[in-house]
>>> print(open('start16.pdb').read())   # PDB, C-alpha atoms, pLDDT in the B column
ATOM      1  CA  MET A   1       0.000   0.000   0.000  1.00 49.00           C
ATOM      2  CA  GLU A   2       1.376   3.389  -0.998  1.00 56.00           C
ATOM      3  CA  THR A   3       0.911   6.305   1.361  1.00 55.00           C
ATOM      4  CA  ASP A   4       0.246   9.789   0.006  1.00 61.00           C
ATOM      5  CA  LEU A   5       2.895  11.997   1.604  1.00 59.00           C
ATOM      6  CA  ASN A   6       0.263  14.710   2.131  1.00 69.00           C
ATOM      7  CA  THR A   7      -1.442  12.420   4.617  1.00 90.00           C
ATOM      8  CA  VAL A   8       1.667  11.814   6.755  1.00 94.00           C
ATOM      9  CA  HIS A   9       1.911  14.258   9.651  1.00 96.00           C
ATOM     10  CA  VAL A  10       5.186  14.459  11.612  1.00 97.00           C
ATOM     11  CA  PHE A  11       5.575  15.934  15.090  1.00 98.00           C
ATOM     12  CA  LYS A  12       8.203  16.514  17.771  1.00 98.00           C
ATOM     13  CA  THR A  13       6.900  15.226  21.129  1.00 96.00           C
ATOM     14  CA  ASN A  14       7.956  14.414  24.666  1.00 94.00           C
ATOM     15  CA  ILE A  15       6.546  10.869  24.512  1.00 91.00           C
ATOM     16  CA  ASP A  16       9.743   9.140  25.569  1.00 83.00           C
ATOM     17  CA  LYS A  17       8.624   5.849  27.076  1.00 77.00           C
ATOM     18  CA  ILE A  18       6.566   3.040  25.622  1.00 67.00           C
ATOM     19  CA  SER A  19       4.899   2.311  28.955  1.00 61.00           C
ATOM     20  CA  SER A  20       3.817   5.937  29.425  1.00 62.00           C
ATOM     21  CA  ALA A  21       2.033   5.859  26.091  1.00 64.00           C
ATOM     22  CA  ALA A  22      -0.621   3.267  27.006  1.00 76.00           C
ATOM     23  CA  THR A  23      -3.512   5.751  26.995  1.00 86.00           C
ATOM     24  CA  LEU A  24      -2.038   7.383  23.918  1.00 89.00           C
ATOM     25  CA  SER A  25      -1.881   4.026  22.124  1.00 90.00           C
ATOM     26  CA  GLU A  26      -5.492   3.266  22.937  1.00 92.00           C
ATOM     27  CA  THR A  27      -6.623   6.713  21.804  1.00 94.00           C
ATOM     28  CA  LEU A  28      -4.731   6.644  18.504  1.00 95.00           C
ATOM     29  CA  ASP A  29      -5.559   2.994  17.761  1.00 95.00           C
ATOM     30  CA  ASN A  30      -9.274   3.665  18.214  1.00 96.00           C
ATOM     31  CA  HIS A  31      -9.467   6.999  16.374  1.00 96.00           C
ATOM     32  CA  LEU A  32     -11.363   6.504  13.116  1.00 96.00           C
ATOM     33  CA  GLY A  33      -9.423   9.284  11.378  1.00 96.00           C
ATOM     34  CA  ILE A  34      -6.020   7.674  11.966  1.00 97.00           C
ATOM     35  CA  GLN A  35      -4.931   4.915   9.592  1.00 96.00           C
ATOM     36  CA  GLN A  36      -1.469   4.371  11.061  1.00 96.00           C
ATOM     37  CA  TRP A  37       0.856   5.902  13.636  1.00 96.00           C
ATOM     38  CA  SER A  38       4.305   5.364  15.133  1.00 96.00           C
ATOM     39  CA  ILE A  39       6.711   6.940  17.603  1.00 94.00           C
ATOM     40  CA  ASP A  40      10.473   6.878  17.142  1.00 95.00           C
ATOM     41  CA  TYR A  41      11.654   6.504  20.743  1.00 90.00           C
ATOM     42  CA  GLU A  42      15.308   6.485  19.664  1.00 93.00           C
ATOM     43  CA  ASP A  43      15.107   9.938  18.073  1.00 95.00           C
ATOM     44  CA  ILE A  44      15.916  12.801  20.459  1.00 94.00           C
ATOM     45  CA  ASP A  45      12.679  14.493  19.317  1.00 96.00           C
ATOM     46  CA  CYS A  46      10.525  11.396  20.052  1.00 95.00           C
ATOM     47  CA  VAL A  47       9.067  11.783  16.567  1.00 97.00           C
ATOM     48  CA  LEU A  48       5.389  10.927  16.173  1.00 97.00           C
ATOM     49  CA  ARG A  49       4.195  10.065  12.657  1.00 97.00           C
ATOM     50  CA  ILE A  50       0.499   9.854  11.933  1.00 97.00           C
ATOM     51  CA  VAL A  51      -1.139   8.842   8.661  1.00 97.00           C
ATOM     52  CA  SER A  52      -4.555  10.445   8.272  1.00 97.00           C
ATOM     53  CA  GLU A  53      -6.491  11.567   5.231  1.00 94.00           C
ATOM     54  CA  THR A  54      -9.024  13.511   7.314  1.00 95.00           C
ATOM     55  CA  LEU A  55      -7.231  15.040  10.315  1.00 96.00           C
ATOM     56  CA  ASN A  56      -5.212  18.230  10.036  1.00 96.00           C
ATOM     57  CA  PRO A  57      -2.051  18.879  12.088  1.00 97.00           C
ATOM     58  CA  ASP A  58      -3.795  21.227  14.538  1.00 98.00           C
ATOM     59  CA  THR A  59      -6.409  18.588  15.363  1.00 98.00           C
ATOM     60  CA  ILE A  60      -3.727  15.959  15.913  1.00 98.00           C
ATOM     61  CA  LYS A  61      -1.709  18.298  18.148  1.00 98.00           C
ATOM     62  CA  SER A  62      -4.850  18.994  20.166  1.00 98.00           C
ATOM     63  CA  ILE A  63      -5.461  15.254  20.683  1.00 96.00           C
ATOM     64  CA  ILE A  64      -1.884  14.695  21.857  1.00 96.00           C
ATOM     65  CA  LYS A  65      -1.872  17.740  24.141  1.00 96.00           C
ATOM     66  CA  ARG A  66      -5.173  16.683  25.770  1.00 95.00           C
ATOM     67  CA  LEU A  67      -3.390  13.477  26.758  1.00 92.00           C
ATOM     68  CA  GLY A  68      -0.749  15.537  28.577  1.00 91.00           C
ATOM     69  CA  TYR A  69       2.080  15.458  26.049  1.00 94.00           C
ATOM     70  CA  GLU A  70       3.891  18.212  24.185  1.00 95.00           C
ATOM     71  CA  CYS A  71       3.473  18.174  20.418  1.00 97.00           C
ATOM     72  CA  GLN A  72       4.988  20.470  17.776  1.00 98.00           C
ATOM     73  CA  ASP A  73       5.099  20.379  13.984  1.00 96.00           C
ATOM     74  CA  LEU A  74       8.272  19.097  12.357  1.00 92.00           C
ATOM     75  CA  PRO A  75       8.968  20.289   8.799  1.00 76.00           C
TER      76      PRO A  75
END
>>> encode(input="start16.pdb", output="structure tokens")
Amino acid sequence: METDLNTVHVFKTNIDKISSAATLSETLDNHLGIQQWSIDYEDIDCVLRIVSETLNPDTIKSIIKRLGYECQDLP
């Protein structure tokens, strides 16, 4: 399956531990607007990548921030 690069949103976060992301995992896994997501725990920026054809970056940042994490756009 090919992913349209316009649907991949990339963010700098402070999500630095797998165990601390349990609620986050449940939220993102169950969100109908999110097709796929991942966090690069080895990157100093704890990069969050989300594939969504319907959600815009501001909506995604709002979801992450409501869960208590920092979230900023990465170019």
>>> resolve_selection(input="start16.pdb", expression="the PyMOL selection byres ((chain A and resi 26-35) around 7)", output="ChimeraX atom specification")
/A:22-25,36,50-52,54-55
>>> atom_distance(input="start16.pdb", atom1="CA of Asp73 in chain A", atom2="CA of Lys12 in chain A")
6.2 Å
>>> resolve_selection(input="start16.pdb", expression="the PyMOL selection byres ((chain A and resi 47) around 7)", output="ChimeraX atom specification")
/A:10-13,39-40,43,45-46,48-49
>>> atom_distance(input="start16.pdb", atom1="CA of Ile64 in chain A", atom2="CA of Lys17 in chain A")
14.7 Å
>>> atom_distance(input="start16.pdb", atom1="CA of Thr59 in chain A", atom2="CA of Trp37 in chain A")
14.7 Å
>>> closest_residue(input="start16.pdb", among="A:Cys71, A:Ser38, A:Asn14, A:Ile44", to="Asp58 in chain A", atoms="only C-alpha atoms")
A:Cys71
>>> closest_residue(input="start16.pdb", among="A:Ile63, A:Leu74, A:Tyr69, A:Glu42", to="Ile15 in chain A", atoms="all atoms listed in the file")
A:Tyr69
